[in-house]
Each structure stands twice: as structure tokens, then as C-alpha cells.
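Novice: Take a look at run_27.cif, mmCIF, C-alpha atoms:
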```cif
data_input
loop_
_atom_site.group_PDB
_atom_site.id
_atom_site.type_symbol
_atom_site.label_atom_id
_atom_site.label_comp_id
_atom_site.auth_asym_id
_atom_site.auth_seq_id
_atom_site.Cartn_x
_atom_site.Cartn_y
_atom_site.Cartn_z
ATOM 1 C CA MET A 1 69.291 87.450 -92.208
ATOM 2 C CA GLU A 2 71.025 84.787 -94.280
ATOM 3 C CA SER A 3 71.133 82.115 -91.663
ATOM 4 C CA THR A 4 73.273 79.425 -93.150
ATOM 5 C CA GLN A 5 76.261 81.367 -94.447
ATOM 6 C CA ASP A 6 77.050 83.419 -91.374
ATOM 7 C CA ILE A 7 80.088 82.508 -89.279
ATOM 8 C CA ILE A 8 79.115 82.588 -85.602
ATOM 9 C CA MET A 9 82.446 81.433 -84.202
ATOM 10 C CA THR A 10 85.536 79.920 -85.746
ATOM 11 C CA THR A 11 86.653 76.406 -84.872
ATOM 12 C CA ASP A 12 89.666 77.900 -83.051
ATOM 13 C CA GLU A 13 87.307 79.973 -80.943
ATOM 14 C CA LEU A 14 85.146 76.934 -80.232
ATOM 15 C CA LEU A 15 88.154 74.934 -79.050
ATOM 16 C CA GLN A 16 89.309 77.815 -76.857
ATOM 17 C CA HIS A 17 85.783 78.074 -75.438
ATOM 18 C CA TRP A 18 85.702 74.360 -74.618
ATOM 19 C CA GLN A 19 89.167 74.333 -73.075
ATOM 20 C CA GLY A 20 88.320 77.473 -71.097
ATOM 21 C CA HIS A 21 85.414 75.621 -69.520
ATOM 22 C CA ARG A 22 87.596 72.580 -68.911
ATOM 23 C CA ASN A 23 90.125 74.817 -67.204
ATOM 24 C CA LEU A 24 87.460 76.208 -64.899
ATOM 25 C CA THR A 25 86.275 72.689 -64.066
ATOM 26 C CA ARG A 26 89.872 71.814 -63.200
ATOM 27 C CA ARG A 27 89.885 74.630 -60.646
ATOM 28 C CA VAL A 28 86.655 73.329 -59.145
ATOM 29 C CA ILE A 29 88.242 69.864 -58.783
ATOM 30 C CA GLU A 30 91.285 71.461 -57.155
ATOM 31 C CA ALA A 31 89.087 73.385 -54.722
ATOM 32 C CA PHE A 32 87.665 70.157 -53.238
ATOM 33 C CA PRO A 33 89.452 68.761 -50.196
ATOM 34 C CA ASP A 34 91.006 65.365 -51.086
ATOM 35 C CA ASP A 35 88.709 63.496 -48.729
ATOM 36 C CA LYS A 36 85.511 65.191 -49.944
ATOM 37 C CA LEU A 37 85.815 64.791 -53.720
ATOM 38 C CA PHE A 38 84.433 61.241 -53.731
ATOM 39 C CA THR A 39 82.424 61.346 -50.532
ATOM 40 C CA PHE A 40 80.471 64.597 -50.240
ATOM 41 C CA SER A 41 77.041 64.918 -51.833
ATOM 42 C CA ILE A 42 73.638 66.543 -51.390
ATOM 43 C CA GLY A 43 70.155 65.143 -51.952
ATOM 44 C CA GLY A 44 71.360 61.678 -52.953
ATOM 45 C CA MET A 45 73.247 62.980 -55.990
ATOM 46 C CA ARG A 46 76.667 61.745 -57.070
ATOM 47 C CA SER A 47 79.882 63.036 -55.528
ATOM 48 C CA PHE A 48 81.801 65.519 -57.678
ATOM 49 C CA GLY A 49 84.499 62.866 -58.170
ATOM 50 C CA GLU A 50 81.924 60.523 -59.715
ATOM 51 C CA ILE A 51 80.704 63.370 -61.910
ATOM 52 C CA CYS A 52 84.325 63.799 -63.047
ATOM 53 C CA HIS A 53 84.261 60.178 -64.235
ATOM 54 C CA GLU A 54 81.459 61.180 -66.580
ATOM 55 C CA LEU A 55 83.203 64.362 -67.710
ATOM 56 C CA LEU A 56 86.461 62.527 -68.407
ATOM 57 C CA ALA A 57 84.538 59.885 -70.341
ATOM 58 C CA MET A 58 83.048 62.623 -72.528
ATOM 59 C CA GLY A 59 86.165 64.709 -73.213
ATOM 60 C CA VAL A 60 88.830 62.868 -75.190
ATOM 61 C CA PRO A 61 86.349 60.315 -76.601
ATOM 62 C CA ALA A 62 84.280 63.232 -78.000
ATOM 63 C CA ALA A 63 87.298 64.923 -79.571
ATOM 64 C CA GLN A 64 88.269 61.576 -81.068
ATOM 65 C CA GLY A 65 84.711 61.043 -82.302
ATOM 66 C CA ILE A 66 84.543 64.446 -83.954
ATOM 67 C CA ALA A 67 87.943 63.949 -85.572
ATOM 68 C CA THR A 68 87.588 60.339 -86.656
ATOM 69 C CA GLY A 69 83.905 59.361 -86.515
ATOM 70 C CA GLU A 70 84.798 56.695 -83.952
ATOM 71 C CA TRP A 71 83.261 57.499 -80.601
ATOM 72 C CA GLY A 72 85.298 55.350 -78.230
ATOM 73 C CA LYS A 73 84.635 54.670 -74.600
ATOM 74 C CA TYR A 74 86.628 55.620 -71.537
ATOM 75 C CA GLY A 75 89.507 53.175 -71.172
ATOM 76 C CA GLU A 76 89.514 52.338 -74.875
ATOM 77 C CA ILE A 77 91.801 55.226 -75.774
ATOM 78 C CA GLU A 78 95.117 53.457 -76.156
ATOM 79 C CA GLU A 79 97.390 56.250 -75.007
ATOM 80 C CA ALA A 80 95.431 57.002 -71.822
ATOM 81 C CA PRO A 81 97.732 56.834 -68.782
ATOM 82 C CA LEU A 82 94.966 55.247 -66.709
ATOM 83 C CA LYS A 83 92.558 52.634 -68.053
ATOM 84 C CA GLU A 84 90.419 52.480 -64.942
ATOM 85 C CA LEU A 85 88.330 55.282 -63.537
ATOM 86 C CA PRO A 86 90.371 57.538 -61.239
ATOM 87 C CA LYS A 87 89.810 56.990 -57.530
ATOM 88 C CA THR A 88 91.601 59.964 -56.025
ATOM 89 C CA LYS A 89 91.803 63.691 -56.655
ATOM 90 C CA GLU A 90 95.389 63.218 -57.837
ATOM 91 C CA GLU A 91 94.300 60.629 -60.401
ATOM 92 C CA VAL A 92 91.395 62.774 -61.580
ATOM 93 C CA LEU A 93 93.760 65.712 -62.149
ATOM 94 C CA MET A 94 96.267 63.467 -63.914
ATOM 95 C CA MET A 95 93.604 62.280 -66.353
ATOM 96 C CA TRP A 96 92.329 65.852 -66.740
ATOM 97 C CA ASP A 97 95.808 67.089 -67.638
ATOM 98 C CA TRP A 98 96.327 64.264 -70.075
ATOM 99 C CA SER A 99 92.986 65.045 -71.715
ATOM 100 C CA THR A 100 93.774 68.716 -72.393
ATOM 101 C CA PRO A 101 96.555 68.348 -75.009
ATOM 102 C CA THR A 102 94.988 65.133 -76.323
ATOM 103 C CA ILE A 103 91.788 67.029 -77.152
ATOM 104 C CA ASN A 104 93.873 69.699 -78.912
ATOM 105 C CA GLU A 105 95.649 67.047 -80.942
ATOM 106 C CA TYR A 106 92.425 65.409 -82.125
ATOM 107 C CA TRP A 107 90.988 68.883 -82.806
ATOM 108 C CA SER A 108 93.727 69.642 -85.320
ATOM 109 C CA LYS A 109 92.551 66.627 -87.329
ATOM 110 C CA ILE A 110 88.905 67.683 -87.696
ATOM 111 C CA ARG A 111 88.055 68.097 -91.351
ATOM 112 C CA PRO A 112 86.135 71.070 -92.798
ATOM 113 C CA GLY A 113 82.349 70.774 -92.756
ATOM 114 C CA ARG A 114 82.434 68.213 -89.979
ATOM 115 C CA PHE A 115 80.356 70.189 -87.463
ATOM 116 C CA GLN A 116 77.396 70.322 -89.832
ATOM 117 C CA GLU A 117 77.385 66.574 -90.447
ATOM 118 C CA THR A 118 74.686 64.467 -88.813
ATOM 119 C CA GLU A 119 75.924 61.477 -86.902
ATOM 120 C CA MET A 120 74.602 58.732 -84.663
ATOM 121 C CA VAL A 121 76.699 58.593 -81.493
ATOM 122 C CA TYR A 122 77.014 55.498 -79.325
ATOM 123 C CA GLY A 123 74.244 53.925 -81.362
ATOM 124 C CA GLN A 124 71.526 56.059 -79.790
ATOM 125 C CA TYR A 125 72.049 59.825 -80.017
ATOM 126 C CA GLU A 126 71.478 61.261 -83.463
ATOM 127 C CA GLY A 127 72.273 64.881 -84.225
ATOM 128 C CA LYS A 128 74.680 67.226 -85.880
ATOM 129 C CA VAL A 129 78.265 67.062 -84.711
ATOM 130 C CA TRP A 130 78.168 70.646 -83.337
ATOM 131 C CA TRP A 131 75.178 69.614 -81.254
ATOM 132 C CA HIS A 132 77.000 66.624 -79.764
ATOM 133 C CA LEU A 133 79.874 68.889 -78.740
ATOM 134 C CA ALA A 134 77.528 71.550 -77.370
ATOM 135 C CA TYR A 135 75.838 68.841 -75.324
ATOM 136 C CA ILE A 136 79.174 67.763 -73.873
ATOM 137 C CA ILE A 137 80.207 71.308 -72.946
ATOM 138 C CA ASP A 138 76.749 72.126 -71.541
ATOM 139 C CA ASN A 139 76.717 68.915 -69.533
ATOM 140 C CA GLU A 140 80.042 69.892 -67.959
ATOM 141 C CA ILE A 141 78.747 73.388 -67.092
ATOM 142 C CA HIS A 142 75.563 71.862 -65.647
ATOM 143 C CA HIS A 143 77.365 69.404 -63.372
ATOM 144 C CA ARG A 144 80.031 71.924 -62.434
ATOM 145 C CA GLY A 145 77.215 74.172 -61.207
ATOM 146 C CA GLN A 146 76.326 71.254 -58.939
ATOM 147 C CA GLY A 147 79.957 71.206 -57.787
ATOM 148 C CA TYR A 148 79.716 74.891 -56.901
ATOM 149 C CA VAL A 149 76.846 74.159 -54.506
ATOM 150 C CA TYR A 150 78.810 71.302 -52.912
ATOM 151 C CA LEU A 151 81.770 73.637 -52.362
ATOM 152 C CA ARG A 152 79.561 76.357 -50.860
ATOM 153 C CA ALA A 153 77.876 73.793 -48.620
ATOM 154 C CA LEU A 154 81.381 72.776 -47.487
ATOM 155 C CA GLY A 155 82.145 76.412 -46.698
ATOM 156 C CA ILE A 156 84.599 76.708 -49.600
ATOM 157 C CA GLU A 157 84.609 79.671 -51.987
ATOM 158 C CA PRO A 158 84.454 78.332 -55.577
ATOM 159 C CA PRO A 159 86.448 79.950 -58.416
ATOM 160 C CA PHE A 160 84.805 82.825 -60.292
ATOM 161 C CA PHE A 161 82.552 81.568 -63.085
ATOM 162 C CA TRP A 162 84.040 84.039 -65.570
ATOM 163 C CA GLU A 163 87.620 82.844 -65.017
ATOM 164 C CA ARG A 164 88.620 80.430 -67.757
ATOM 165 C CA MET B 1 91.671 72.656 -91.194
ATOM 166 C CA GLU B 2 90.533 76.041 -92.500
ATOM 167 C CA SER B 3 89.356 77.480 -89.254
ATOM 168 C CA THR B 4 87.663 80.699 -90.198
ATOM 169 C CA GLN B 5 85.463 79.629 -93.116
ATOM 170 C CA ASP B 6 83.833 76.608 -91.560
ATOM 171 C CA ILE B 7 80.197 76.851 -90.454
ATOM 172 C CA ILE B 8 79.848 75.260 -87.030
ATOM 173 C CA MET B 9 76.171 76.003 -86.526
ATOM 174 C CA THR B 10 73.687 78.222 -88.304
ATOM 175 C CA THR B 11 72.085 81.182 -86.556
ATOM 176 C CA ASP B 12 68.750 79.321 -86.641
ATOM 177 C CA GLU B 13 70.382 76.421 -84.847
ATOM 178 C CA LEU B 14 71.936 78.761 -82.294
ATOM 179 C CA LEU B 15 68.572 80.347 -81.533
ATOM 180 C CA GLN B 16 66.965 76.936 -81.204
ATOM 181 C CA HIS B 17 69.779 75.876 -78.870
ATOM 182 C CA TRP B 18 69.296 78.953 -76.691
ATOM 183 C CA GLN B 19 65.518 78.627 -76.569
ATOM 184 C CA GLY B 20 65.873 74.909 -75.822
ATOM 185 C CA HIS B 21 67.897 75.772 -72.735
ATOM 186 C CA ARG B 22 65.408 78.485 -71.775
ATOM 187 C CA ASN B 23 62.638 75.941 -72.079
ATOM 188 C CA LEU B 24 64.433 73.569 -69.731
ATOM 189 C CA THR B 25 64.997 76.383 -67.232
ATOM 190 C CA ARG B 26 61.275 77.106 -67.392
ATOM 191 C CA ARG B 27 60.584 73.523 -66.330
ATOM 192 C CA VAL B 28 62.989 73.897 -63.420
ATOM 193 C CA ILE B 29 61.133 77.049 -62.298
ATOM 194 C CA GLU B 30 57.846 75.153 -62.585
ATOM 195 C CA ALA B 31 59.206 72.287 -60.498
ATOM 196 C CA PHE B 32 59.792 74.550 -57.475
ATOM 197 C CA PRO B 33 56.971 74.768 -54.948
ATOM 198 C CA ASP B 34 55.576 78.341 -54.913
ATOM 199 C CA ASP B 35 56.771 78.961 -51.374
ATOM 200 C CA LYS B 36 60.320 77.663 -51.985
ATOM 201 C CA LEU B 37 61.297 79.535 -55.146
ATOM 202 C CA PHE B 38 62.343 82.699 -53.284
ATOM 203 C CA THR B 39 63.131 81.191 -49.900
ATOM 204 C CA PHE B 40 65.096 77.957 -50.263
ATOM 205 C CA SER B 41 68.865 78.045 -50.567
ATOM 206 C CA ILE B 42 72.033 76.127 -49.648
ATOM 207 C CA GLY B 43 75.392 77.383 -48.404
ATOM 208 C CA GLY B 44 74.359 81.033 -48.296
ATOM 209 C CA MET B 45 73.710 81.157 -52.047
ATOM 210 C CA ARG B 46 70.787 82.969 -53.665
ATOM 211 C CA SER B 47 67.347 81.419 -53.964
ATOM 212 C CA PHE B 48 66.465 80.126 -57.432
ATOM 213 C CA GLY B 49 63.922 82.948 -57.735
ATOM 214 C CA GLU B 50 66.697 85.517 -57.252
ATOM 215 C CA ILE B 51 68.786 83.672 -59.826
ATOM 216 C CA CYS B 52 65.826 83.995 -62.205
ATOM 217 C CA HIS B 53 66.026 87.770 -61.775
ATOM 218 C CA GLU B 54 69.539 87.574 -63.207
ATOM 219 C CA LEU B 55 68.514 85.233 -66.019
ATOM 220 C CA LEU B 56 65.572 87.413 -67.015
ATOM 221 C CA ALA B 57 67.851 90.455 -66.957
ATOM 222 C CA MET B 58 70.204 88.694 -69.384
ATOM 223 C CA GLY B 59 67.672 87.284 -71.862
ATOM 224 C CA VAL B 60 65.722 89.929 -73.744
ATOM 225 C CA PRO B 61 68.336 92.648 -73.093
ATOM 226 C CA ALA B 62 70.964 90.377 -74.711
ATOM 227 C CA ALA B 63 68.820 89.669 -77.751
ATOM 228 C CA GLN B 64 68.172 93.394 -78.041
ATOM 229 C CA GLY B 65 71.896 94.107 -77.662
ATOM 230 C CA ILE B 66 72.864 91.624 -80.353
ATOM 231 C CA ALA B 67 70.209 92.960 -82.708
ATOM 232 C CA THR B 68 70.643 96.676 -82.088
ATOM 233 C CA GLY B 69 73.971 97.248 -80.319
ATOM 234 C CA GLU B 70 72.064 98.749 -77.393
ATOM 235 C CA TRP B 71 72.386 96.587 -74.318
ATOM 236 C CA GLY B 72 69.518 97.773 -72.154
ATOM 237 C CA LYS B 73 68.839 96.901 -68.571
ATOM 238 C CA TYR B 74 65.985 94.977 -67.019
ATOM 239 C CA GLY B 75 62.998 97.294 -66.739
ATOM 240 C CA GLU B 76 64.201 99.515 -69.560
ATOM 241 C CA ILE B 77 62.583 97.375 -72.246
ATOM 242 C CA GLU B 78 59.473 99.381 -73.029
ATOM 243 C CA GLU B 79 57.158 96.544 -73.933
ATOM 244 C CA ALA B 80 57.946 94.468 -70.824
ATOM 245 C CA PRO B 81 54.727 93.600 -68.975
ATOM 246 C CA LEU B 82 56.486 94.034 -65.621
ATOM 247 C CA LYS B 83 59.008 96.783 -64.919
ATOM 248 C CA GLU B 84 59.931 95.557 -61.467
ATOM 249 C CA LEU B 85 61.613 92.286 -60.644
ATOM 250 C CA PRO B 86 59.082 89.454 -60.285
ATOM 251 C CA LYS B 87 58.298 88.475 -56.710
ATOM 252 C CA THR B 88 56.309 85.272 -57.204
ATOM 253 C CA LYS B 89 56.621 82.127 -59.282
ATOM 254 C CA GLU B 90 53.634 83.281 -61.333
ATOM 255 C CA GLU B 91 55.347 86.583 -62.127
ATOM 256 C CA VAL B 92 58.625 84.856 -62.982
ATOM 257 C CA LEU B 93 56.830 82.563 -65.430
ATOM 258 C CA MET B 94 54.925 85.506 -66.919
ATOM 259 C CA MET B 95 58.182 87.352 -67.610
ATOM 260 C CA TRP B 96 59.751 84.150 -68.919
ATOM 261 C CA ASP B 97 56.900 83.601 -71.362
ATOM 262 C CA TRP B 98 57.051 87.194 -72.521
ATOM 263 C CA SER B 99 60.806 86.874 -73.073
ATOM 264 C CA THR B 100 60.566 83.843 -75.360
ATOM 265 C CA PRO B 101 58.832 85.408 -78.407
ATOM 266 C CA THR B 102 60.513 88.767 -77.722
ATOM 267 C CA ILE B 103 63.941 87.113 -78.068
ATOM 268 C CA ASN B 104 62.785 85.507 -81.340
ATOM 269 C CA GLU B 105 61.634 88.866 -82.621
ATOM 270 C CA TYR B 106 64.937 90.590 -81.892
ATOM 271 C CA TRP B 107 66.770 87.588 -83.329
ATOM 272 C CA SER B 108 65.125 88.063 -86.716
ATOM 273 C CA LYS B 109 66.704 91.534 -86.852
ATOM 274 C CA ILE B 110 70.316 90.443 -86.319
ATOM 275 C CA ARG B 111 72.392 91.435 -89.306
ATOM 276 C CA PRO B 112 74.914 89.143 -91.038
ATOM 277 C CA GLY B 113 78.429 89.128 -89.590
ATOM 278 C CA ARG B 114 77.193 90.401 -86.241
ATOM 279 C CA PHE B 115 78.417 87.441 -84.162
ATOM 280 C CA GLN B 116 82.026 88.036 -85.204
ATOM 281 C CA GLU B 117 81.964 91.710 -84.256
ATOM 282 C CA THR B 118 83.776 92.801 -81.109
ATOM 283 C CA GLU B 119 81.730 94.886 -78.728
ATOM 284 C CA MET B 120 81.994 96.421 -75.274
ATOM 285 C CA VAL B 121 78.936 95.450 -73.254
ATOM 286 C CA TYR B 122 77.651 97.468 -70.286
ATOM 287 C CA GLY B 123 80.841 99.502 -70.443
ATOM 288 C CA GLN B 124 82.993 96.733 -69.033
ATOM 289 C CA TYR B 125 82.866 93.428 -70.881
ATOM 290 C CA GLU B 126 84.687 93.403 -74.185
ATOM 291 C CA GLY B 127 84.477 90.456 -76.523
ATOM 292 C CA LYS B 128 82.969 89.134 -79.700
ATOM 293 C CA VAL B 129 79.191 89.074 -79.872
ATOM 294 C CA TRP B 130 79.085 85.246 -80.080
ATOM 295 C CA TRP B 131 81.085 85.157 -76.858
ATOM 296 C CA HIS B 132 78.646 87.432 -75.042
ATOM 297 C CA LEU B 133 75.776 85.174 -76.047
ATOM 298 C CA ALA B 134 77.690 82.018 -75.129
ATOM 299 C CA TYR B 135 78.367 83.578 -71.727
ATOM 300 C CA ILE B 136 74.673 84.238 -71.221
ATOM 301 C CA ILE B 137 73.646 80.698 -72.184
ATOM 302 C CA ASP B 138 76.454 79.147 -70.104
ATOM 303 C CA ASN B 139 75.551 81.307 -67.123
ATOM 304 C CA GLU B 140 71.975 80.028 -67.311
ATOM 305 C CA ILE B 141 73.139 76.386 -67.498
ATOM 306 C CA HIS B 142 75.507 76.985 -64.571
ATOM 307 C CA HIS B 143 72.868 78.482 -62.293
ATOM 308 C CA ARG B 144 70.234 76.001 -63.397
ATOM 309 C CA GLY B 145 72.622 73.255 -62.253
ATOM 310 C CA GLN B 146 72.454 74.960 -58.874
ATOM 311 C CA GLY B 147 68.647 74.832 -59.115
ATOM 312 C CA TYR B 148 68.836 71.072 -59.728
ATOM 313 C CA VAL B 149 70.636 70.600 -56.412
ATOM 314 C CA TYR B 150 68.052 72.734 -54.613
ATOM 315 C CA LEU B 151 65.259 70.591 -56.078
ATOM 316 C CA ARG B 152 67.008 67.351 -55.103
ATOM 317 C CA ALA B 153 67.626 68.696 -51.605
ATOM 318 C CA LEU B 154 63.888 69.444 -51.447
ATOM 319 C CA GLY B 155 63.166 65.860 -52.466
ATOM 320 C CA ILE B 156 61.891 66.896 -55.893
ATOM 321 C CA GLU B 157 62.922 65.136 -59.099
ATOM 322 C CA PRO B 158 64.203 67.755 -61.585
ATOM 323 C CA PRO B 159 63.435 67.519 -65.329
ATOM 324 C CA PHE B 160 65.819 65.511 -67.497
ATOM 325 C CA PHE B 161 68.808 67.588 -68.609
ATOM 326 C CA TRP B 162 68.442 66.406 -72.202
ATOM 327 C CA GLU B 163 64.819 67.544 -72.504
ATOM 328 C CA ARG B 164 64.662 70.900 -74.245
#
```
Mind turning the file's structure into C-alpha cells?
Specialist:
Amino acid sequence: MESTQDIIMTTDELLQHWQGHRNLTRRVIEAFPDDKLFTFSIGGMRSFGEICHELLAMGVPAAQGIATGEWGKYGEIEEAPLKELPKTKEEVLMMWDWSTPTINEYWSKIRPGRFQETEMVYGQYEGKVWWHLAYIIDNEIHHRGQGYVYLRALGIEPPFFWER
Amino acid sequence: MESTQDIIMTTDELLQHWQGHRNLTRRVIEAFPDDKLFTFSIGGMRSFGEICHELLAMGVPAAQGIATGEWGKYGEIEEAPLKELPKTKEEVLMMWDWSTPTINEYWSKIRPGRFQETEMVYGQYEGKVWWHLAYIIDNEIHHRGQGYVYLRALGIEPPFFWER
């Protein structure tokens, strides 16, 4: 088949896909008891709250990077309601809910052809822009799978994986 | 931006992305001790070997479905070297290594425009073809994340997430 000229998904569909995963992750955060989010872990791994620090640091900064070519760091986004890393479930959810429309806003500014451009990110990761975004989504799915095990180990039923 | 006419990734890149994830999952399977793959679990969840049954059942049958419109079931693929579900790590890896080139072969038969077609899969899941494939890849990442926790709980260092 003609590989390069075939539309796999539209950019609207890609955004919806990303936000669907983010919405599921939000439900996983909500499912954690307040006092377990930053304390519970298995096998010496990070708590799910600490994982959320990473996910929050990769959400809005990635959307900004794709839209503008400037891949900022967590806390550098001027409009962020919290400059420090969240310490409670409430703060994590606040930053999550600020990220959602902020990602959409940056998304609307992405120029055509952008996903096929090659870019160096944070001075060390080189790849096409679609690949950087795929990495970010995949990384969230990967760590959320870890969160599912934590919830099960706590005796809590996690949300259905297919709910977005 | 013009949403619908923008190439996000080529079909070659999508295949490479999928196979990269499958390759990482293979390393996770390899990292399990033979006697733990089908026995170890946390929180009442399935063993990683049982999860592999699901992943194997979603690999080649999905590639076949995308290429031909016929979404077969595990064991129905004529050329499969094993009709029953694998019971040992060796059998899992054998089926994995048969799946890899078989997926590539089906992939080469996918016709242009296929990923934007809407299709009912297994009589119950309706969506665009790209979405079905994304679900299959995401499901593997999700469950592999679970496998990472099992390995850590067993005191085993899992492979790096970014290695593909």
C-alpha cells in the first residue's frame, strides 16, 4: 500500500484519544484513598501520586512543545495555578483539571505538517513529533497500569480500561 | 489547522511502533522466571502468562482483521504452530515469535484508506479501524505495566520502558 499518503487518524481523533486516556487516569487518581496516593507502593516503586508528578510534567508542556516548538518544564508554564508539585490528591486533581483545557488550547495552535517534523526534545530525545506524543501517551498508560495493581492490592476495584 | 488532511504518522511508522511495543513485551516475558510466569500475581489479578494469552489472541487476529475484515479468534488462524493456549514460557515465546512476522505479512496487505473505515469487531465493538488497533496496542502497554509491578515485586529489574 501507499504508506505515506494514507490518513490513519485525524488530529481531532488523536486529541480525543489522548484526552480519553487522560480522563481514565483522572478516574484512577480519584479511586485512590487520600492517604494512599502518596504513600502506597509495591516493590520499591514510586507512589501513584509521584507518578502523577511525572504525568503532569509531560502533559501541558508536551502540548506547548508541539504547538510552539518550546518544550517547557513543569512550573515554567506561566498560567499554571500551582508552580510546585502537588502534594495532595486535591492538588493533583486541580492541576489535572487545569491541564485538560490548556492542552486543548495549545492543540488548536498546532500547524499542519507538524507531527511529521523531527525535533530534539529537552536536548536529548530526537524523533518525529508524533513519536514524542505517542511516547507521552504510552508512558501514561504504562504507569496507570501500575496504578491499577496498586488499587487491586489495596482491595479497590479500578475503573474499566475501556471507559474514557 | 486542517484536521483531516494532515499525516500524523505513516503506516510504516505505525507498524514499527506496534512491533516496538511487542518487542518490549517480549523482553518482559523473558524476564519472568519460568515457574513464576503462570503462577505469580498480586491482588487477585491474572498471572502475566494468562495476560499473554490475551495479548497473543489480539495480535495476529487483529492484523488479519485489519487486512481482511475477518477478525478471527485465537486458534482459528490456520498457520499457527499452536492451536491451544501456551502453557509454558517457552510456548508463549514460540507463539510470540510466530506472531511477529505474521503480523508484518498481514500488514503488507492492508489497503489504502482502511484505517479510517468504521467496522464492527467481534459483533460488539464498533469504531474506526485505527481505533481498534490503538486499543490493542494500549491494552498491551496497560497489562505490561502490570507485568512490571509483578517483576519488581519479585525483585527483578524490568527492561527499560524506552527500549523497543
Novice: Can you give me, as a PyMOL selection string, the residues this file yields under the PyMOL selection byres ((chain A) within 10 of (chain B))?
Specialist: chain A and resi 1-14+17+21+41-45+107-117+128-131+134-135+137-156+161-162
Novice: Mind dumping the selected residues with C-alpha atoms as a short mmCIF file (atom, residue, chain, number, x, y, z; two decimals), in the coordinates of the input?
Specialist:
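After the write, again.cif holds the following:
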```cif
data_model
loop_
_atom_site.label_atom_id
_atom_site.label_comp_id
_atom_site.auth_asym_id
_atom_site.auth_seq_id
_atom_site.Cartn_x
_atom_site.Cartn_y
_atom_site.Cartn_z
CA MET A 1 69.29 87.45 -92.21
CA GLU A 2 71.03 84.79 -94.28
CA SER A 3 71.13 82.12 -91.66
CA THR A 4 73.27 79.42 -93.15
CA GLN A 5 76.26 81.37 -94.45
CA ASP A 6 77.05 83.42 -91.37
CA ILE A 7 80.09 82.51 -89.28
CA ILE A 8 79.11 82.59 -85.60
CA MET A 9 82.45 81.43 -84.20
CA THR A 10 85.54 79.92 -85.75
CA THR A 11 86.65 76.41 -84.87
CA ASP A 12 89.67 77.90 -83.05
CA GLU A 13 87.31 79.97 -80.94
CA LEU A 14 85.15 76.93 -80.23
CA HIS A 17 85.78 78.07 -75.44
CA HIS A 21 85.41 75.62 -69.52
CA SER A 41 77.04 64.92 -51.83
CA ILE A 42 73.64 66.54 -51.39
CA GLY A 43 70.16 65.14 -51.95
CA GLY A 44 71.36 61.68 -52.95
CA MET A 45 73.25 62.98 -55.99
CA TRP A 107 90.99 68.88 -82.81
CA SER A 108 93.73 69.64 -85.32
CA LYS A 109 92.55 66.63 -87.33
CA ILE A 110 88.90 67.68 -87.70
CA ARG A 111 88.06 68.10 -91.35
CA PRO A 112 86.14 71.07 -92.80
CA GLY A 113 82.35 70.77 -92.76
CA ARG A 114 82.43 68.21 -89.98
CA PHE A 115 80.36 70.19 -87.46
CA GLN A 116 77.40 70.32 -89.83
CA GLU A 117 77.39 66.57 -90.45
CA LYS A 128 74.68 67.23 -85.88
CA VAL A 129 78.26 67.06 -84.71
CA TRP A 130 78.17 70.65 -83.34
CA TRP A 131 75.18 69.61 -81.25
CA ALA A 134 77.53 71.55 -77.37
CA TYR A 135 75.84 68.84 -75.32
CA ILE A 137 80.21 71.31 -72.95
CA ASP A 138 76.75 72.13 -71.54
CA ASN A 139 76.72 68.92 -69.53
CA GLU A 140 80.04 69.89 -67.96
CA ILE A 141 78.75 73.39 -67.09
CA HIS A 142 75.56 71.86 -65.65
CA HIS A 143 77.36 69.40 -63.37
CA ARG A 144 80.03 71.92 -62.43
CA GLY A 145 77.22 74.17 -61.21
CA GLN A 146 76.33 71.25 -58.94
CA GLY A 147 79.96 71.21 -57.79
CA TYR A 148 79.72 74.89 -56.90
CA VAL A 149 76.85 74.16 -54.51
CA TYR A 150 78.81 71.30 -52.91
CA LEU A 151 81.77 73.64 -52.36
CA ARG A 152 79.56 76.36 -50.86
CA ALA A 153 77.88 73.79 -48.62
CA LEU A 154 81.38 72.78 -47.49
CA GLY A 155 82.14 76.41 -46.70
CA ILE A 156 84.60 76.71 -49.60
CA PHE A 161 82.55 81.57 -63.08
CA TRP A 162 84.04 84.04 -65.57
#
```
Novice: Could you work out how far atom CA of B:His132 lies from atom CA of A:Val60, giving the answer in Å with one decimal?
Specialist: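 According to the coordinates, atom CA of A:Val60 and atom CA of B:His132 are separated by 26.6 Å.
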Novice: What is the atom CA of B:Gln124 to atom CA of B:Pro101 distance in Å?
Specialist: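 Going from atom CA of B:Gln124 over to atom CA of B:Pro101, I get 28.3 Å.
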Novice: With all atoms listed in the file as the basis for distance, which of B:Glu91, B:Gln16, B:Glu84, B:Tyr125 is at the shortest distance from B:Asp34?
Specialist: B:Glu91
Novice: Using only C-alpha atoms, which protein or nucleic acid residues come within 7 Å of B:Leu85? Drop anything in the same chain fewer than 2 positions from it, and give the result as a list in words.
Specialist: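 Answer for this query is His53, Lys83 and Lys87 of chain B.
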Novice: If the PyMOL selection byres ((chain B and resi 72) around 12) is run on the structure shown, which residues does it catch, given as an NGL selection string?
Specialist: :B and (57-71 or 73-78 or 121-123)
Novice: So what do you get for atom CA of A:Glu119 versus atom CA of A:Tyr106, distance-wise?
Specialist: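 It comes out at 17.6 Å.
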